[in-house]
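K.L.:
Take a look at this one; I'll ask things after.
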Number of protein chains: 2
Amino acid sequence: MTPRQNRNRDRAERGIPEATVARLPVYLRALHSLQERGVATVSSEELAAAAGVNSAKLRKDLSHLGSYGTRGVGYEVEYLVYQISRELGLTQDWVVAIIGLGNLGRALAGYGGFASRGFRVAGLLDADDAIVGQEIAGKTVEHIDRLEDLIAERGVSIAVIATPAGAAQGVCDRVVAAGVTSVLNFAPVVLSVPDGVDVRKVDLSIELQILAFHEQRKAGGPGEHVPLPDGGTQGPEQYVEAVEA
Amino acid sequence: MTPRQNRNRDRAERGIPEATVARLPVYLRALHSLQERGVATVSSEELAAAAGVNSAKLRKDLSHLGSYGTRGVGYEVEYLVYQISRELGLTQDWVVAIIGLGNLGRALAGYGGFASRGFRVAGLLDADDAIVGQEIAGKTVEHIDRLEDLIAERGVSIAVIATPAGAAQGVCDRVVAAGVTSVLNFAPVVLSVPDGVDVRKVDLSIELQILAFHEQRKAGGPGEHVPLPDGGTQGPEQYVEAVEA
DNA sequence: GCGACTTTGTGCGCGTATTCACAAAGGCTT
DNA sequence: AAGCCTTTGTGAATACGCGCACAAAGTCGC
């Protein structure tokens, strides 16, 4: 037992690998889709195809939850839905607050995928007086001053931060101080939080940048078939020479 | 040389690991932030802290791009910004079309993080006649019928799909047929595409579900301290017994 | 009731990612 | 000009994730 073992709470406490956890929601969605089509039983091969993964990986993932399949037959859809939901904690309600009601915050507030999975949006908060008081997706936006009260009163357990980058860390500090230990961050900054607080980050432009990398690769890689586009309004020119020399 | 080698185009062609590519945008953002503060030089330790990663990992990541640091000193911020931008392909413009202008599509259309990184939104498309013709973020929404024309005319190289789940695969097939090889998918479905097409997926509710998993874990894990919330409106009750027996 | 067939669950090998730890390298001070 | 000090770049060790391939297990047809 190395002393570093306590750094990975995840693997140690209960043996479900992070990679598996990240896929369970995908399986769950595929299962719901099958359920709607009235399918009662599914093989790992079929479900894996629907989820876009290798079937052995699917079986191994599911085996971490226990043995819920029947050999020679497959998995009972309804049962599996329940087991995965339970493992993910979707059989209970999660109270969510959305902070920052700009374009993205509005989209999140109106996003149907939350409510349908046990996530209840219990508060919309913003610092801008022009936004506070507005009704968005059936709820009234409240002032950020009430953040701590609101978290306590309504039992908020997950904070969604959709503020501008500059405000995100401050808001994060406040929600953490108020006892929230799970944060979903849409602001383009790295949030620093104390141990015990989980932060997940969704960054729209990072995904595009990764795509751009691969797209460029298909075209021949940087500096090769793709010279800088124009006369040089955006890049420090002296480096182009340095690179190609 | 195994026959499976051609399956991973990425590693084989040019030695930048996928995990590294995914972090480069994060470094880039941290560097931009340093640049704004007037910092000219940064050590791997400082930059790693700003990006939220281990400093050895940062150095190894950067070493894949070449040796751009000075021992005893660190990295020149401006130089590094340029090298990473170049590697990611951000020194050229990428023409993006956004398909589906619901809440999320609108947010994406108005998202500042695109334009500032060389992504030019050249088209907004929707199938809904009530939305077509609307002006969003300074651009007029066009009808999805014009999809193929528009891709060809404007040289769209990346498609962003923000349609409802049911429409996504159809739209995807069309953009791929029109020659687009990079797709960013916000619809909650697994898109199937031919080889050579890159799809990245952003799923808002999946992130929340992963948070819920960890939050539940902190509270004692499923089935332990957290019984089902109410009398049973949402879960198949017979399985609760089966699980605990 | 039995045998063939299907499908699960998993042991194993392989490649990738991460981290430590240190030698090489360069700047800075005296 | 020489040595000290800082920081990079990377070899080596470890951990992790993935997918093949197969034995175990259970069903279904006859």
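If you're wondering about the labels, chains in the structure tokens are A, B, ... by order shown, residues count from 1 in each chain, ligands from 1 in order shown.
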Using only C-alpha atoms (C1' of nucleotides), which chain D residues lie at most 12 Å away from chain B, written as a VMD selection string?

P.N.:
chain D and resid 4 to 10 19

K.L.:
With a distance threshold of 12 Å and counting only C-alpha atoms (C1' of nucleotides), extract the residues of chain C near chain B and express them as a PDB file with N, CA and C atoms (P, O5', C5', C4', C3', O3' and C1' of nucleotides), in the first residue's frame.

P.N.:
ATOM      1  P    DC C  14       1.681  -9.244 -25.469  1.00  0.00           P
ATOM      2  O5'  DC C  14       1.079  -7.819 -25.823  1.00  0.00           O
ATOM      3  C5'  DC C  14      -0.078  -7.723 -26.656  1.00  0.00           C
ATOM      4  C4'  DC C  14      -0.524  -6.282 -26.724  1.00  0.00           C
ATOM      5  C3'  DC C  14       0.633  -5.286 -26.799  1.00  0.00           C
ATOM      6  O3'  DC C  14       0.336  -4.319 -27.785  1.00  0.00           O
ATOM      7  C1'  DC C  14      -0.809  -4.720 -25.016  1.00  0.00           C
ATOM      8  P    DG C  15       1.542  -3.508 -28.502  1.00  0.00           P
ATOM      9  O5'  DG C  15       1.011  -2.020 -28.380  1.00  0.00           O
ATOM     10  C5'  DG C  15      -0.325  -1.712 -28.755  1.00  0.00           C
ATOM     11  C4'  DG C  15      -0.830  -0.557 -27.925  1.00  0.00           C
ATOM     12  C3'  DG C  15       0.132   0.637 -27.888  1.00  0.00           C
ATOM     13  O3'  DG C  15      -0.580   1.783 -28.291  1.00  0.00           O
ATOM     14  C1'  DG C  15      -0.545   0.038 -25.691  1.00  0.00           C
ATOM     15  P    DT C  16       0.153   3.190 -28.403  1.00  0.00           P
ATOM     16  O5'  DT C  16      -0.513   3.980 -27.187  1.00  0.00           O
ATOM     17  C5'  DT C  16      -1.898   3.818 -26.925  1.00  0.00           C
ATOM     18  C4'  DT C  16      -2.260   4.560 -25.648  1.00  0.00           C
ATOM     19  C3'  DT C  16      -1.572   5.916 -25.489  1.00  0.00           C
ATOM     20  O3'  DT C  16      -2.550   6.857 -25.103  1.00  0.00           O
ATOM     21  C1'  DT C  16      -1.206   4.585 -23.565  1.00  0.00           C
ATOM     22  P    DA C  17      -2.217   8.387 -24.925  1.00  0.00           P
ATOM     23  O5'  DA C  17      -2.180   8.532 -23.336  1.00  0.00           O
ATOM     24  C5'  DA C  17      -3.227   7.966 -22.581  1.00  0.00           C
ATOM     25  C4'  DA C  17      -3.031   8.257 -21.109  1.00  0.00           C
ATOM     26  C3'  DA C  17      -2.448   9.624 -20.783  1.00  0.00           C
ATOM     27  O3'  DA C  17      -3.136  10.111 -19.647  1.00  0.00           O
ATOM     28  C1'  DA C  17      -1.052   7.946 -19.893  1.00  0.00           C
ATOM     29  P    DT C  18      -2.843  11.558 -19.066  1.00  0.00           P
ATOM     30  O5'  DT C  18      -2.009  11.243 -17.748  1.00  0.00           O
ATOM     31  C5'  DT C  18      -2.505  10.277 -16.825  1.00  0.00           C
ATOM     32  C4'  DT C  18      -1.497  10.051 -15.723  1.00  0.00           C
ATOM     33  C3'  DT C  18      -0.809  11.318 -15.205  1.00  0.00           C
ATOM     34  O3'  DT C  18      -0.885  11.305 -13.798  1.00  0.00           O
ATOM     35  C1'  DT C  18       0.794   9.666 -15.733  1.00  0.00           C
ATOM     36  P    DT C  19      -0.738  12.650 -12.949  1.00  0.00           P
ATOM     37  O5'  DT C  19       0.588  12.366 -12.113  1.00  0.00           O
ATOM     38  C5'  DT C  19       0.713  11.138 -11.415  1.00  0.00           C
ATOM     39  C4'  DT C  19       2.171  10.803 -11.195  1.00  0.00           C
ATOM     40  C3'  DT C  19       3.030  11.993 -10.751  1.00  0.00           C
ATOM     41  O3'  DT C  19       3.389  11.799  -9.382  1.00  0.00           O
ATOM     42  C1'  DT C  19       4.140  10.609 -12.365  1.00  0.00           C
ATOM     43  P    DC C  20       4.313  12.805  -8.604  1.00  0.00           P
ATOM     44  O5'  DC C  20       5.701  12.019  -8.551  1.00  0.00           O
ATOM     45  C5'  DC C  20       5.691  10.620  -8.331  1.00  0.00           C
ATOM     46  C4'  DC C  20       7.085  10.026  -8.538  1.00  0.00           C
ATOM     47  C3'  DC C  20       8.209  10.847  -7.914  1.00  0.00           C
ATOM     48  O3'  DC C  20       9.142   9.957  -7.293  1.00  0.00           O
ATOM     49  C1'  DC C  20       8.615  10.538 -10.230  1.00  0.00           C
ATOM     50  P    DA C  21      10.185  10.497  -6.235  1.00  0.00           P
ATOM     51  O5'  DA C  21      11.529  10.519  -7.079  1.00  0.00           O
ATOM     52  C5'  DA C  21      11.830   9.430  -7.947  1.00  0.00           C
ATOM     53  C4'  DA C  21      12.965   9.812  -8.858  1.00  0.00           C
ATOM     54  C3'  DA C  21      13.983  10.778  -8.228  1.00  0.00           C
ATOM     55  O3'  DA C  21      15.271  10.374  -8.624  1.00  0.00           O
ATOM     56  C1'  DA C  21      13.167  11.701 -10.211  1.00  0.00           C
ATOM     57  P    DA C  24      24.287  13.787 -17.775  1.00  0.00           P
ATOM     58  O5'  DA C  24      23.691  14.953 -18.686  1.00  0.00           O
ATOM     59  C5'  DA C  24      22.627  14.653 -19.590  1.00  0.00           C
ATOM     60  C4'  DA C  24      22.036  15.940 -20.114  1.00  0.00           C
ATOM     61  C3'  DA C  24      23.067  16.963 -20.591  1.00  0.00           C
ATOM     62  O3'  DA C  24      22.608  17.522 -21.810  1.00  0.00           O
ATOM     63  C1'  DA C  24      21.672  17.937 -18.945  1.00  0.00           C
ATOM     64  P    DA C  25      23.496  18.616 -22.564  1.00  0.00           P
ATOM     65  O5'  DA C  25      22.791  19.977 -22.148  1.00  0.00           O
ATOM     66  C5'  DA C  25      21.383  20.110 -22.315  1.00  0.00           C
ATOM     67  C4'  DA C  25      20.955  21.503 -21.897  1.00  0.00           C
ATOM     68  C3'  DA C  25      21.930  22.606 -22.300  1.00  0.00           C
ATOM     69  O3'  DA C  25      21.188  23.676 -22.830  1.00  0.00           O
ATOM     70  C1'  DA C  25      21.482  22.722 -19.995  1.00  0.00           C
ATOM     71  P    DG C  26      21.844  24.613 -23.947  1.00  0.00           P
ATOM     72  O5'  DG C  26      21.680  26.063 -23.343  1.00  0.00           O
ATOM     73  C5'  DG C  26      20.386  26.507 -22.982  1.00  0.00           C
ATOM     74  C4'  DG C  26      20.468  27.295 -21.709  1.00  0.00           C
ATOM     75  C3'  DG C  26      21.425  28.494 -21.760  1.00  0.00           C
ATOM     76  O3'  DG C  26      20.634  29.666 -21.934  1.00  0.00           O
ATOM     77  C1'  DG C  26      21.438  27.362 -19.650  1.00  0.00           C
ATOM     78  P    DG C  27      21.265  31.091 -21.996  1.00  0.00           P
ATOM     79  O5'  DG C  27      21.043  31.563 -20.487  1.00  0.00           O
ATOM     80  C5'  DG C  27      19.714  31.719 -19.999  1.00  0.00           C
ATOM     81  C4'  DG C  27      19.735  32.148 -18.549  1.00  0.00           C
ATOM     82  C3'  DG C  27      20.365  33.521 -18.300  1.00  0.00           C
ATOM     83  O3'  DG C  27      19.650  34.143 -17.245  1.00  0.00           O
ATOM     84  C1'  DG C  27      21.555  31.880 -17.109  1.00  0.00           C
ATOM     85  P    DC C  28      19.763  35.729 -17.075  1.00  0.00           P
ATOM     86  O5'  DC C  28      20.344  35.825 -15.602  1.00  0.00           O
ATOM     87  C5'  DC C  28      20.041  34.791 -14.660  1.00  0.00           C
ATOM     88  C4'  DC C  28      20.900  34.948 -13.427  1.00  0.00           C
ATOM     89  C3'  DC C  28      21.523  36.334 -13.248  1.00  0.00           C
ATOM     90  O3'  DC C  28      21.530  36.653 -11.867  1.00  0.00           O
ATOM     91  C1'  DC C  28      23.232  34.725 -13.379  1.00  0.00           C
TER      92       DC C  28
END

K.L.:
Would you compute the distance between atom CA of A:Thr41 and atom C1' of D:DC22? Give it in Å to one decimal.

P.N.:
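Atom-to-atom, atom CA of A:Thr41 and atom C1' of D:DC22 are spaced 24.2 Å apart.
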
K.L.:
Calculate the C-alpha RMSD, in Å to one decimal, after superposing chain B onto chain A by least squares over all C-alpha atoms paired in sequence order.

P.N.:
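Between chain A and chain B, the C-alpha RMSD is 0.2 Å.
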
K.L.:
Taking only C-alpha atoms into account, which of B:Pro194, B:Thr91, B:Val96, B:Gly170 comes nearest chain A?

P.N.:
B:Thr91

K.L.:
As JSON, numbers by chain, please: all residues of chain B that backbone DSSP puts in alpha helix (DSSP H).

P.N.:
{"B": [9, 10, 11, 12, 13, 18, 19, 20, 21, 22, 23, 24, 25, 26, 27, 28, 29, 30, 31, 32, 33, 34, 35, 36, 44, 45, 46, 47, 48, 49, 50, 51, 55, 56, 57, 58, 59, 60, 61, 62, 63, 77, 78, 79, 80, 81, 82, 83, 84, 85, 86, 87, 88, 103, 104, 105, 106, 107, 108, 109, 112, 113, 114, 115, 147, 148, 149, 150, 151, 152, 153, 154, 165, 166, 167, 168, 169, 170, 171, 172, 173, 174, 175, 176, 177, 204, 205, 206, 207, 208, 209, 210, 211, 212, 213, 214, 215, 216, 217, 218, 238, 239, 240, 241, 242, 243, 244]}

K.L.:
If I take atom CA of A:Asp61 and atom CA of B:Phe213, how far is one from the other in Å, to one decimal?

P.N.:
14.9 Å

K.L.:
I need the residue nearest A:Tyr111 from this list: B:Leu28, B:Leu80, B:Ala162, B:Val42. Use only C-alpha atoms for the distance.

P.N.:
B:Ala162

K.L.:
Env of A:Pro188: 9 Å cut, atoms = only C-alpha atoms (C1' of nucleotides), seq-sep filter 3 positions within chain, self excluded. Answer as a ChimeraX atom specification.

P.N.:
/A:164-165,168,185,201-205 /B:26,29,113

K.L.:
Residues of chain A near chain B: apply a cut-off of 6 Å, count only C-alpha atoms, and supply the list as a ChimeraX atom specification.

P.N.:
/A:25,87-89,92,103-104,107,113,205-206,212-213,216,222,229

K.L.:
So how far away is atom CA of A:Ala219 from atom CA of B:Asp145, in Å?

P.N.:
28.5 Å

K.L.:
Do a neighbour search on B:Arg154 at 12 Å with only C-alpha atoms (C1' of nucleotides), toss out local chain neighbours closer than 3 positions, and write the hits as an MDAnalysis selection string.

P.N.:
chainID B and resid 94:97 120:123 146:151 157:158 180

K.L.:
For each of C:DT30, C:DG11, C:DA23, C:DC2, take the minimum atom-to-atom distance to D:DC28, counting only C-alpha atoms (C1' of nucleotides), then give the residue where this is smallest.

P.N.:
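Of the candidates, the smallest distance to D:DC28 is held by C:DC2.
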
K.L.:
Could you give me, as a VMD selection string, the residues within 12 Å of A:Gly133, counting only C-alpha atoms (C1' of nucleotides) and dropping anything in the same chain fewer than 4 positions from it?

P.N.:
chain A and resid 101 124 to 129 138 to 144

K.L.:
Using DSSP on the backbone coordinates, identify the residues of stretch 16-231 of chain B assigned to strand (DSSP E or B); present them as a PyMOL selection string.

P.N.:
chain B and resi 41-42+69-70+74-76+94-99+119-126+135-136+139-143+158-161+182-185+198-201+222+226

K.L.:
Just to be explicit: take each residue in the selection above, keep N, CA and C atoms, and write the result as a CSV table (one decimal), in the first residue's frame.

P.N.:
chain,number,residue,atom,x,y,z
B,41,THR,N,7.3,35.6,-19.4
B,41,THR,CA,8.0,34.3,-19.2
B,41,THR,C,7.3,33.5,-18.1
B,42,VAL,N,7.2,32.2,-18.3
B,42,VAL,CA,6.5,31.4,-17.3
B,42,VAL,C,7.2,30.1,-17.1
B,69,GLY,N,11.3,25.6,-24.5
B,69,GLY,CA,11.6,26.2,-23.3
B,69,GLY,C,13.1,26.5,-23.1
B,70,THR,N,13.4,27.3,-22.1
B,70,THR,CA,14.8,27.6,-21.8
B,70,THR,C,15.1,27.1,-20.4
B,74,GLY,N,12.4,29.1,-18.2
B,74,GLY,CA,11.0,28.8,-18.5
B,74,GLY,C,10.7,28.9,-19.9
B,75,TYR,N,9.4,29.3,-20.1
B,75,TYR,CA,8.9,29.4,-21.5
B,75,TYR,C,8.5,30.9,-21.8
B,76,GLU,N,8.8,31.3,-23.0
B,76,GLU,CA,8.4,32.7,-23.4
B,76,GLU,C,6.9,32.6,-23.7
B,94,TRP,N,-11.4,28.9,-39.4
B,94,TRP,CA,-12.2,27.7,-39.7
B,94,TRP,C,-13.6,28.2,-39.8
B,95,VAL,N,-14.3,27.7,-40.9
B,95,VAL,CA,-15.6,28.1,-41.2
B,95,VAL,C,-16.6,27.1,-40.6
B,96,VAL,N,-17.5,27.7,-39.7
B,96,VAL,CA,-18.4,26.8,-39.0
B,96,VAL,C,-19.8,27.1,-39.4
B,97,ALA,N,-20.6,26.1,-39.4
B,97,ALA,CA,-22.1,26.3,-39.6
B,97,ALA,C,-22.8,25.7,-38.4
B,98,ILE,N,-23.7,26.4,-37.8
B,98,ILE,CA,-24.5,25.9,-36.7
B,98,ILE,C,-25.9,25.5,-37.2
B,99,ILE,N,-26.2,24.2,-36.9
B,99,ILE,CA,-27.5,23.7,-37.4
B,99,ILE,C,-28.4,23.4,-36.2
B,119,PHE,N,-12.6,30.8,-35.2
B,119,PHE,CA,-13.7,30.1,-35.7
B,119,PHE,C,-14.8,31.1,-36.2
B,120,ARG,N,-15.1,31.0,-37.4
B,120,ARG,CA,-16.0,32.0,-38.0
B,120,ARG,C,-17.3,31.3,-38.3
B,121,VAL,N,-18.4,31.8,-37.7
B,121,VAL,CA,-19.7,31.2,-37.9
B,121,VAL,C,-20.3,31.8,-39.2
B,122,ALA,N,-20.3,30.9,-40.2
B,122,ALA,CA,-20.7,31.4,-41.6
B,122,ALA,C,-22.1,31.0,-41.9
B,123,GLY,N,-22.8,30.3,-41.0
B,123,GLY,CA,-24.2,30.0,-41.4
B,123,GLY,C,-24.9,29.5,-40.2
B,124,LEU,N,-26.2,29.9,-40.1
B,124,LEU,CA,-27.1,29.4,-39.1
B,124,LEU,C,-28.3,28.7,-39.9
B,125,LEU,N,-28.6,27.5,-39.5
B,125,LEU,CA,-29.6,26.8,-40.3
B,125,LEU,C,-30.6,26.1,-39.4
B,126,ASP,N,-31.9,26.1,-39.8
B,126,ASP,CA,-32.9,25.5,-39.0
B,126,ASP,C,-34.0,25.0,-39.9
B,135,GLU,N,-33.1,36.9,-37.0
B,135,GLU,CA,-31.7,37.4,-36.9
B,135,GLU,C,-31.2,37.0,-35.5
B,136,ILE,N,-30.1,36.3,-35.5
B,136,ILE,CA,-29.5,35.8,-34.2
B,136,ILE,C,-28.0,36.2,-34.3
B,139,LYS,N,-26.7,37.4,-37.5
B,139,LYS,CA,-26.8,36.7,-38.7
B,139,LYS,C,-28.2,36.2,-38.9
B,140,THR,N,-28.6,36.0,-40.1
B,140,THR,CA,-30.0,35.6,-40.4
B,140,THR,C,-30.0,34.0,-40.5
B,141,VAL,N,-31.0,33.5,-39.9
B,141,VAL,CA,-31.1,32.0,-39.9
B,141,VAL,C,-31.7,31.6,-41.3
B,142,GLU,N,-31.0,30.6,-41.9
B,142,GLU,CA,-31.4,30.2,-43.2
B,142,GLU,C,-32.1,28.8,-43.1
B,143,HIS,N,-32.8,28.4,-44.2
B,143,HIS,CA,-33.5,27.2,-44.2
B,143,HIS,C,-32.6,26.0,-44.4
B,158,ILE,N,-16.5,22.8,-40.5
B,158,ILE,CA,-16.9,22.2,-39.3
B,158,ILE,C,-18.4,22.4,-39.1
B,159,ALA,N,-19.1,21.4,-38.8
B,159,ALA,CA,-20.6,21.5,-38.6
B,159,ALA,C,-20.9,21.3,-37.1
B,160,VAL,N,-21.7,22.3,-36.6
B,160,VAL,CA,-22.1,22.1,-35.2
B,160,VAL,C,-23.6,21.8,-35.2
B,161,ILE,N,-23.9,20.6,-34.6
B,161,ILE,CA,-25.2,20.1,-34.7
B,161,ILE,C,-25.9,20.3,-33.3
B,182,SER,N,-15.6,17.2,-40.0
B,182,SER,CA,-15.5,17.4,-38.6
B,182,SER,C,-16.9,17.9,-38.1
B,183,VAL,N,-17.4,17.2,-37.1
B,183,VAL,CA,-18.7,17.5,-36.5
B,183,VAL,C,-18.6,17.6,-35.0
B,184,LEU,N,-19.3,18.7,-34.5
B,184,LEU,CA,-19.4,18.8,-33.1
B,184,LEU,C,-20.9,18.6,-32.7
B,185,ASN,N,-21.2,17.6,-32.0
B,185,ASN,CA,-22.5,17.2,-31.8
B,185,ASN,C,-23.0,17.5,-30.3
B,198,ASP,N,-14.5,13.0,-38.1
B,198,ASP,CA,-14.3,13.1,-36.7
B,198,ASP,C,-15.6,13.7,-36.1
B,199,VAL,N,-16.1,13.1,-35.0
B,199,VAL,CA,-17.2,13.6,-34.3
B,199,VAL,C,-16.8,13.8,-32.9
B,200,ARG,N,-17.1,14.9,-32.3
B,200,ARG,CA,-16.9,15.1,-30.9
B,200,ARG,C,-18.3,15.5,-30.3
B,201,LYS,N,-18.5,15.1,-29.1
B,201,LYS,CA,-19.8,15.2,-28.5
B,201,LYS,C,-19.8,15.9,-27.2
B,222,PRO,N,-24.8,4.1,-3.3
B,222,PRO,CA,-26.2,3.7,-3.6
B,222,PRO,C,-26.7,2.6,-2.7
B,226,VAL,N,-28.9,6.2,1.5
B,226,VAL,CA,-29.8,6.9,0.6
B,226,VAL,C,-30.9,6.1,0.1
